[in-house]
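Everything below belongs to coords12.cif, which stores mmCIF, C-alpha atoms.
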data_protein
loop_
_atom_site.label_atom_id
_atom_site.label_comp_id
_atom_site.auth_asym_id
_atom_site.auth_seq_id
_atom_site.Cartn_x
_atom_site.Cartn_y
_atom_site.Cartn_z
CA MET A 1 180.66 99.17 81.83
CA LYS A 2 179.81 102.90 81.62
CA ARG A 3 179.28 102.51 77.87
CA LEU A 4 176.88 99.63 78.44
CA ILE A 5 174.90 101.61 81.02
CA LEU A 6 174.69 104.60 78.67
CA MET A 7 173.53 102.40 75.79
CA ALA A 8 170.88 100.79 78.02
CA PHE A 9 169.64 104.22 79.11
CA LEU A 10 169.43 105.47 75.52
CA LEU A 11 167.60 102.31 74.45
CA THR A 12 165.09 102.80 77.27
CA CYS A 13 164.48 106.41 76.18
CA VAL A 14 163.86 105.30 72.60
CA MET A 15 161.41 102.61 73.69
CA MET A 16 159.45 104.93 76.03
CA PRO A 17 156.40 106.52 74.36
CA ALA A 18 156.82 110.21 73.64
CA ARG A 19 154.71 112.53 75.76
CA ALA A 20 151.87 113.75 73.57
CA LEU A 21 151.54 117.53 73.58
CA VAL A 22 148.26 119.22 72.69
CA ARG A 23 148.42 122.89 71.77
CA PHE A 24 145.41 125.10 72.45
CA THR A 25 144.84 128.68 71.31
CA PHE A 26 141.94 131.07 70.93
CA GLU A 27 140.98 132.32 67.50
CA PRO A 28 142.61 135.78 67.17
CA GLY A 29 139.44 137.65 66.27
CA SER A 30 137.67 136.59 69.47
CA VAL A 31 140.10 137.87 72.12
CA SER A 32 139.73 141.62 71.65
CA GLY A 33 139.77 143.41 75.01
CA VAL A 34 141.21 140.46 76.94
CA ARG A 35 144.47 141.12 78.78
CA SER A 36 147.36 139.28 77.14
CA ASP A 37 148.48 137.66 80.42
CA VAL A 38 144.95 136.32 81.05
CA GLN A 39 144.72 134.99 77.49
CA SER A 40 148.11 133.31 77.87
CA ALA A 41 147.06 131.77 81.21
CA MET A 42 143.87 130.32 79.73
CA GLU A 43 145.63 128.93 76.66
CA SER A 44 148.38 127.36 78.79
CA ASN A 45 145.81 125.88 81.17
CA VAL A 46 143.74 124.26 78.43
CA SER A 47 146.87 123.02 76.60
CA ALA A 48 148.02 121.32 79.81
CA LEU A 49 144.52 119.97 80.49
CA LEU A 50 144.12 118.43 77.03
CA THR A 51 147.66 117.03 77.12
CA GLU A 52 147.00 115.34 80.47
CA ILE A 53 143.66 113.93 79.25
CA ASP A 54 145.38 112.54 76.15
CA ASN A 55 148.22 110.97 78.13
CA ALA A 56 145.87 109.53 80.76
CA TYR A 57 143.72 107.98 78.05
CA ASN A 58 146.69 106.43 76.23
CA GLY A 59 148.27 105.33 79.50
CA LYS A 60 144.99 103.85 80.78
CA ARG A 61 145.38 105.65 84.09
CA SER A 62 143.67 108.19 86.31
CA LEU A 63 143.96 111.90 85.62
CA ASN A 64 146.71 113.88 87.36
CA LEU A 65 145.46 117.47 87.52
CA SER A 66 147.74 118.61 90.34
CA GLY A 67 149.80 120.90 88.10
CA LEU A 68 146.82 122.72 86.59
CA ASN A 69 145.50 126.11 87.64
CA ILE A 70 141.99 124.77 88.21
CA GLU A 71 139.50 125.28 91.04
CA SER A 72 139.14 122.32 93.38
CA ILE A 73 135.42 121.81 92.62
CA ALA A 74 136.13 121.65 88.89
CA ARG A 75 139.03 119.25 89.50
CA ASN A 76 136.94 116.95 91.67
CA ARG A 77 134.05 116.88 89.19
CA LEU A 78 136.29 116.07 86.23
CA ASN A 79 137.99 113.32 88.24
CA ALA A 80 134.56 111.93 89.17
CA VAL A 81 133.54 111.71 85.51
CA TRP A 82 136.83 110.04 84.57
CA ASP A 83 136.69 107.62 87.50
CA SER A 84 133.17 106.56 86.47
CA ALA A 85 134.78 105.05 83.32
CA VAL A 86 133.80 107.91 81.00
CA HIS A 87 137.11 108.25 79.13
CA PHE A 88 137.86 110.42 76.11
CA TYR A 89 140.73 112.09 74.27
CA PRO A 90 141.15 115.22 72.11
CA ARG A 91 140.57 114.60 68.43
CA MET A 92 143.30 117.03 67.35
CA LYS A 93 146.75 117.95 68.65
CA ASP A 94 146.33 121.57 67.57
CA VAL A 95 143.06 123.05 68.83
CA SER A 96 141.72 126.55 68.22
CA VAL A 97 138.26 127.84 69.20
CA LYS A 98 136.57 131.18 69.78
CA LEU A 99 136.70 132.88 73.15
CA VAL A 100 133.19 133.35 74.56
CA ARG A 101 132.45 135.83 77.35
CA ASP A 102 129.97 135.14 80.12
CA PHE A 103 128.88 137.13 83.18
CA GLN A 104 131.72 135.93 85.43
CA GLY A 105 134.54 135.25 83.01
CA TYR A 106 135.17 133.36 79.80
CA GLN A 107 134.45 130.08 78.06
CA ALA A 108 136.22 127.88 75.50
CA ARG A 109 133.49 125.90 73.76
CA GLN A 110 133.27 123.12 71.18
CA ILE A 111 136.62 121.45 71.83
CA LEU A 112 136.12 118.14 70.02
CA VAL A 113 136.93 114.93 71.89
CA ARG A 114 136.25 111.27 71.18
CA LEU A 115 134.83 108.79 73.66
CA GLU A 116 136.44 105.46 74.41
CA PRO A 117 134.57 102.81 72.36
CA ASP A 118 131.93 100.90 74.32
CA PRO A 119 130.35 97.75 72.78
CA THR A 120 127.04 98.55 74.52
CA TYR A 121 126.84 102.05 73.02
CA HIS A 122 125.84 102.58 69.39
CA GLY A 123 125.64 106.37 69.12
CA SER A 124 128.20 108.93 68.04
CA LEU A 125 131.49 108.80 69.90
CA THR A 126 132.21 112.48 69.24
CA ARG A 127 131.64 114.87 72.14
CA GLU A 128 132.63 118.41 73.05
CA LEU A 129 134.46 119.82 76.04
CA ASN A 130 133.36 123.24 77.27
CA VAL A 131 135.83 124.88 79.64
CA SER A 132 135.00 127.93 81.76
CA PHE A 133 137.40 130.41 83.42
CA ASN A 134 137.21 133.24 85.91
CA ARG A 135 138.54 136.65 84.93
CA LYS A 136 142.07 135.66 86.00
CA GLY A 137 142.16 132.69 83.63
CA VAL A 138 141.72 129.99 86.29
CA ILE A 139 139.64 127.00 85.11
CA THR A 140 136.29 126.92 86.96
CA GLY A 141 134.59 124.06 85.12
CA VAL A 142 135.09 121.34 82.50
CA ARG A 143 131.89 120.02 80.94
CA LEU A 144 131.43 117.09 78.55
CA VAL A 145 128.46 117.67 76.23
CA ASP A 146 126.97 116.01 73.16
CA SER A 147 128.40 117.43 69.96
CA ASP A 148 125.01 117.38 68.24
CA GLU A 149 123.30 119.47 70.88
CA ILE A 150 122.34 122.91 69.64
CA SER A 151 125.06 125.51 69.92
CA PRO A 152 123.95 128.18 72.41
CA GLU A 153 124.83 130.91 69.92
CA ALA A 154 121.93 129.65 67.78
CA PHE A 155 119.16 130.55 70.20
CA PHE A 156 119.94 134.19 70.95
CA GLU A 157 118.12 136.91 69.07
CA ASP A 158 119.97 139.29 66.76
CA GLY A 159 120.84 142.63 68.29
CA ILE A 160 120.83 141.41 71.89
CA ALA A 161 122.68 143.64 74.36
CA VAL A 162 126.23 142.54 75.19
CA ASP A 163 125.62 142.35 78.96
CA ASP A 164 122.48 140.27 78.44
CA LEU A 165 124.34 137.96 76.03
CA GLU A 166 127.01 137.41 78.67
CA ARG A 167 124.36 136.64 81.28
CA ARG A 168 122.65 134.17 78.93
CA MET A 169 125.97 132.43 78.30
CA GLU A 170 126.25 132.18 82.09
CA VAL A 171 122.81 130.52 82.11
CA VAL A 172 123.93 128.04 79.45
CA LYS A 173 127.03 127.19 81.51
CA TRP A 174 124.92 126.39 84.56
CA VAL A 175 122.42 124.38 82.51
CA GLU A 176 125.34 122.27 81.29
CA ASP A 177 126.45 121.84 84.91
CA PHE A 178 122.92 120.80 85.85
CA ARG A 179 122.94 118.15 83.11
CA SER A 180 126.40 116.94 84.17
CA TYR A 181 125.22 116.32 87.74
CA TYR A 182 123.07 113.47 86.41
CA LEU A 183 126.00 111.93 84.54
CA GLU A 184 128.11 112.21 87.70
CA GLY A 185 125.34 110.83 89.91
CA ASN A 186 125.67 113.93 92.09
CA ALA A 187 122.28 114.09 93.84
CA GLN A 188 123.55 116.51 96.49
CA ALA A 189 124.53 119.11 93.88
CA ILE A 190 121.09 118.74 92.27
CA GLU A 191 119.39 119.22 95.64
CA ASP A 192 121.53 122.26 96.44
CA ILE A 193 120.79 124.04 93.16
CA PHE A 194 117.03 124.05 93.85
CA SER A 195 115.68 126.77 96.13
CA GLU A 196 114.19 125.78 99.46
CA ASN A 197 110.59 126.15 98.24
CA ALA A 198 111.16 125.02 94.66
CA ILE A 199 108.27 123.60 92.65
CA ILE A 200 109.43 120.33 91.05
CA ILE A 201 107.05 118.46 88.76
CA THR A 202 108.22 115.12 87.40
CA GLY A 203 106.40 112.52 85.39
CA SER A 204 106.57 109.21 83.61
CA VAL A 205 104.84 107.62 80.62
CA HIS A 206 103.34 104.14 80.91
CA SER A 207 101.51 101.84 78.50
CA VAL A 208 98.06 100.85 79.78
CA LYS A 209 96.25 97.84 78.30
CA THR A 210 92.44 97.94 78.35
CA LYS A 211 90.23 94.98 77.40
CA MET A 212 87.46 95.95 74.98
CA GLY A 213 83.96 94.50 74.71
CA ASP A 214 84.88 92.31 71.75
CA GLY A 215 87.72 90.72 73.68
CA SER A 216 90.48 92.72 71.98
CA PHE A 217 92.91 94.92 73.85
CA GLN A 218 93.58 98.62 73.38
CA ILE A 219 96.94 100.03 74.41
CA ARG A 220 97.20 103.69 75.29
CA LYS A 221 99.84 105.92 76.84
CA GLU A 222 99.18 107.22 80.35
CA VAL A 223 101.15 110.08 81.91
CA LYS A 224 101.64 110.15 85.68
CA TYR A 225 102.77 113.39 87.31
CA ASN A 226 104.32 113.92 90.74
CA SER A 227 104.96 117.14 92.65
CA GLN A 228 107.97 116.96 94.95
CA ASN A 229 110.14 119.21 97.08
CA ARG A 230 113.87 119.31 96.49
CA THR A 231 114.72 116.75 99.18
CA GLN A 232 112.15 114.23 97.90
CA TYR A 233 113.39 114.70 94.34
CA ALA A 234 117.06 114.30 95.34
CA ASN A 235 116.34 111.20 97.44
CA LYS A 236 114.55 109.58 94.52
CA LEU A 237 117.55 110.34 92.32
CA ARG A 238 119.88 108.80 94.91
CA GLN A 239 117.98 105.54 94.59
CA ILE A 240 118.21 105.71 90.80
CA PHE A 241 121.94 106.53 90.86
CA LYS A 242 122.60 103.43 92.99
CA LYS A 243 121.42 101.34 90.03
CA GLY A 244 123.60 103.07 87.44
CA LYS A 245 123.98 106.13 85.27
CA VAL A 246 121.27 108.46 84.00
CA LYS A 247 121.88 109.83 80.52
CA LEU A 248 120.28 113.16 79.66
CA LYS A 249 120.27 114.78 76.26
CA PHE A 250 119.10 118.37 75.84
CA ASP A 251 118.18 119.87 72.48
CA ARG A 252 116.01 122.69 71.14
CA ILE A 253 117.16 124.88 73.98
CA SER A 254 115.81 128.40 74.46
CA VAL A 255 116.67 131.05 77.05
CA ARG A 256 114.23 133.86 77.83
CA ALA A 257 114.77 136.77 80.18
CA SER A 258 112.02 137.68 82.63
CA GLY A 259 110.42 141.07 82.04
CA THR A 260 109.46 141.27 85.72
CA TYR A 261 112.74 140.47 87.43
CA PRO A 262 116.01 141.04 85.52
CA ASP A 263 117.94 138.28 87.33
CA CYS A 264 115.44 135.54 86.43
CA TYR A 265 115.59 133.50 83.23
CA GLY A 266 113.36 130.79 81.87
CA VAL A 267 115.09 127.90 80.12
CA THR A 268 113.11 125.49 77.95
CA LEU A 269 114.77 122.19 77.04
CA HIS A 270 113.70 119.27 74.92
CA GLN A 271 114.99 116.35 76.96
CA THR A 272 115.65 112.66 76.40
CA TRP A 273 115.96 110.68 79.63
CA LYS A 274 117.55 107.23 79.71
CA GLY A 275 117.61 105.56 83.11
CA PRO A 276 119.74 102.63 84.29
CA ASN A 277 116.69 100.35 84.50
CA GLY A 278 115.87 100.71 80.80
CA TYR A 279 113.18 103.34 81.28
CA GLU A 280 113.27 106.09 78.66
CA ASP A 281 111.09 109.09 77.89
CA VAL A 282 111.21 112.22 75.76
CA GLY A 283 109.62 115.47 76.79
CA TRP A 284 109.93 119.17 77.60
CA VAL A 285 111.57 120.56 80.72
CA PHE A 286 111.16 124.15 81.92
CA LEU A 287 113.57 125.61 84.48
CA LEU A 288 113.10 128.98 86.18
CA TRP A 289 116.56 130.21 87.19
CA ASP A 290 117.33 132.99 89.65
CA PHE A 291 120.76 134.65 89.22
CA SER A 292 120.40 137.34 91.89
CA VAL A 293 123.47 135.71 93.51
CA PRO A 294 125.57 135.18 90.34
CA ASP A 295 127.94 132.50 91.64
CA GLN A 296 125.16 130.58 93.43
CA PRO A 297 122.14 130.57 91.11
CA GLN A 298 119.07 128.61 92.09
CA ILE A 299 116.15 126.95 90.32
CA HIS A 300 112.70 127.93 91.62
CA VAL A 301 110.64 125.84 89.19
CA ARG A 302 111.25 122.61 87.29
CA THR A 303 108.42 121.16 85.18
CA TRP A 304 108.22 118.24 82.76
CA GLN A 305 105.73 117.48 80.00
CA PRO A 306 105.88 114.45 77.67
CA ASP A 307 106.03 114.81 73.90
CA GLU A 308 102.66 113.07 73.65
CA ILE A 309 100.73 116.08 74.95
CA ILE A 310 102.71 118.80 73.15
CA HIS A 311 101.25 119.71 69.76
CA ASN A 312 103.07 123.03 69.32
CA GLU A 313 105.57 125.07 71.35
CA GLY A 314 102.73 127.13 72.82
CA ASP A 315 101.70 124.06 74.82
CA VAL A 316 105.02 124.03 76.72
CA LEU A 317 104.99 125.65 80.16
CA GLY A 318 107.16 128.74 80.38
CA LEU A 319 107.73 132.10 82.05
CA PRO A 320 104.20 133.46 81.42
CA ASP A 321 102.74 130.55 83.40
CA PHE A 322 104.47 131.51 86.65
CA PHE A 323 104.33 134.60 88.85
CA ILE A 324 107.76 135.98 89.75
CA PRO A 325 107.82 138.44 92.66
CA THR A 326 109.92 141.56 92.18
CA THR A 327 112.12 140.46 95.10
CA PRO A 328 112.35 136.63 95.04
CA ASN A 329 113.29 135.03 98.35
CA ARG A 330 116.74 133.42 98.35
#
Would you write out, as structure tokens, the structure that this file holds?
Amino acid sequence: MKRLILMAFLLTCVMMPARALVRFTFEPGSVSGVRSDVQSAMESNVSALLTEIDNAYNGKRSLNLSGLNIESIARNRLNAVWDSAVHFYPRMKDVSVKLVRDFQGYQARQILVRLEPDPTYHGSLTRELNVSFNRKGVITGVRLVDSDEISPEAFFEDGIAVDDLERRMEVVKWVEDFRSYYLEGNAQAIEDIFSENAIIITGSVHSVKTKMGDGSFQIRKEVKYNSQNRTQYANKLRQIFKKGKVKLKFDRISVRASGTYPDCYGVTLHQTWKGPNGYEDVGWVFLLWDFSVPDQPQIHVRTWQPDEIIHNEGDVLGLPDFFIPTTPNR
């Protein structure tokens, strides 16, 4: 009887799928100056994260992030993305990327993942995970971004000071968070990131049909703008999110430091908006960020202009179009 039980146990072990292990490391040339224990903590954390994502995908189950050294906000946001049926898995079992420094810690960028196939989606299934850490190696954020969006390293000038580069990487991290809030349907986070007196200009493009004197019709594009406060903007988004997901794509990103106030940065984004009701537009978004409180940055200005009225980059609103006081109110 004991022999039969042992054989049954061994057979069960053989039939059970092996736990997939994903190994993550930083490229050696990028970790200079980082304490070895912090590097080890970050690599172990991301290895465990990618392994759990891979196993959850293959097991068709929810994520179990309880064993990870990850901040609760980051855990909740990643669970929210996964629970909204956005599933993905790492493309490789052995992953190595460069360590990137930002103002508050570190980042692991461009970890390639693949989305679960969706018959209604016809674009690329390849995405990237960007993971951020504090200076102790604890995960502070996990962001899913399009793999064909411009790498942030591409829009920094040569010879930029190290501390300014780290601050700009911090800006990029928060811009990616801002984009992710739309994917998550998190209107409250969007409302909170705007300052109390933020200027928010939104717009939409509509086709207008005009009957001509000869009986024919002329169709032209008409742009309608709206100025809203942060509560009005967030409430409108809440109504949109009830209908489904909003997909944002950012490209041609630029980050410019303010010459007036060192903690303010202007971010210009070329944006494609796809709403759940089929509405879609393409245009330019400008965001004026204030990082005077580094872990709680706020947006003072958000503008939007459609592609139809932009003939060159000089037509896009930016830092020179807005007055920034030397001591912005927080």
message = To test your reading of the syntax: which residues would the PyMOL selection byres ((chain A and resi 294) around 9) return for the file shown? Reply as a ChimeraX atom specification.
response = /A:103-104,170,263,290-293,295-297
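The environment of A:Glu116 within 12 Å, counting only C-alpha atoms and disregarding residues fewer than 5 places along the same chain, consists of Asp54, Tyr57, Asn58, Lys60, Trp82, Ala85, Val86, His87, Phe88, Tyr89, Pro90, Arg91, Tyr121, Ser124, Leu125, Thr126 and Arg127 of chain A.
Remark: for A:Lys136, the closest of the candidate residues A:Asp37, A:Asp177, A:Glu43, A:Asp251 is A:Asp37 (distances computed over only C-alpha atoms).
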inquiry  = Since I can't run it myself right now, could you work out what the PyMOL selection byres ((chain A and resi 131) around 8) selects here and report it as a ChimeraX atom specification?
reply    = /A:107-109,129-130,132-133,139-143
query = Which value, in Å to one decimal, gives the distance between atom CA of A:Gly266 and atom CA of A:Leu319?
reply =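 Computing the Euclidean distance for atom CA of A:Gly266 and atom CA of A:Leu319 yields 5.8 Å.
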inquiry  = Show me, as a PyMOL selection string, the residues that have an atom within 12 Å of A:Cys264 when counting all atoms listed in the file, minus same-chain residues fewer than 4 positions from it.
reply    = chain A and resi 164+167-168+171+255-260+287-294+297-301+319+322-328
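The interatomic distance for the pair atom CA of A:Leu21 and atom CA of A:Lys98 works out to 20.6 Å.
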key: Reference answer for the PyMOL selection byres ((chain A and resi 68) around 12), as a ChimeraX atom specification   = /A:41-53,63-67,69-72,74-75,137-140
ask   = Which is closer to A:Lys274 than all the others in A:Ser216, A:Gln232, A:Ser204, A:Ser62, using all atoms listed in the file?
value =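 Of A:Ser216, A:Gln232, A:Ser204, A:Ser62, the one nearest A:Lys274, counting all atoms listed in the file, is A:Ser204.
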key: Residue neighbourhood A:Trp273, 6 Å, only C-alpha atoms, exclusion window fewer than 6 positions, as number ranges by chain   = A: 248, 280-281
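The coordinates place atom CA of A:His206 at 13.5 Å from atom CA of A:Gln218.
In terms of minimum interatomic distance to A:Met169, A:Tyr265 ranks closest within A:Tyr182, A:Tyr265, A:Tyr233, A:Phe250, counting all atoms listed in the file.
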message = as JSON, numbers by chain, please: the residues near A:Glu196 (cut-off 9 Å, all atoms listed in the file, same-chain neighbours under 4 positions excluded).
response = {"A": [192, 229, 230, 300, 330]}
query = Which is closer to A:Leu78 than all the others in A:Leu144, A:Ile240, A:Asp315, A:Ser40, using only C-alpha atoms?
reply =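 Counting only C-alpha atoms, the residue closest to A:Leu78 is A:Leu144.
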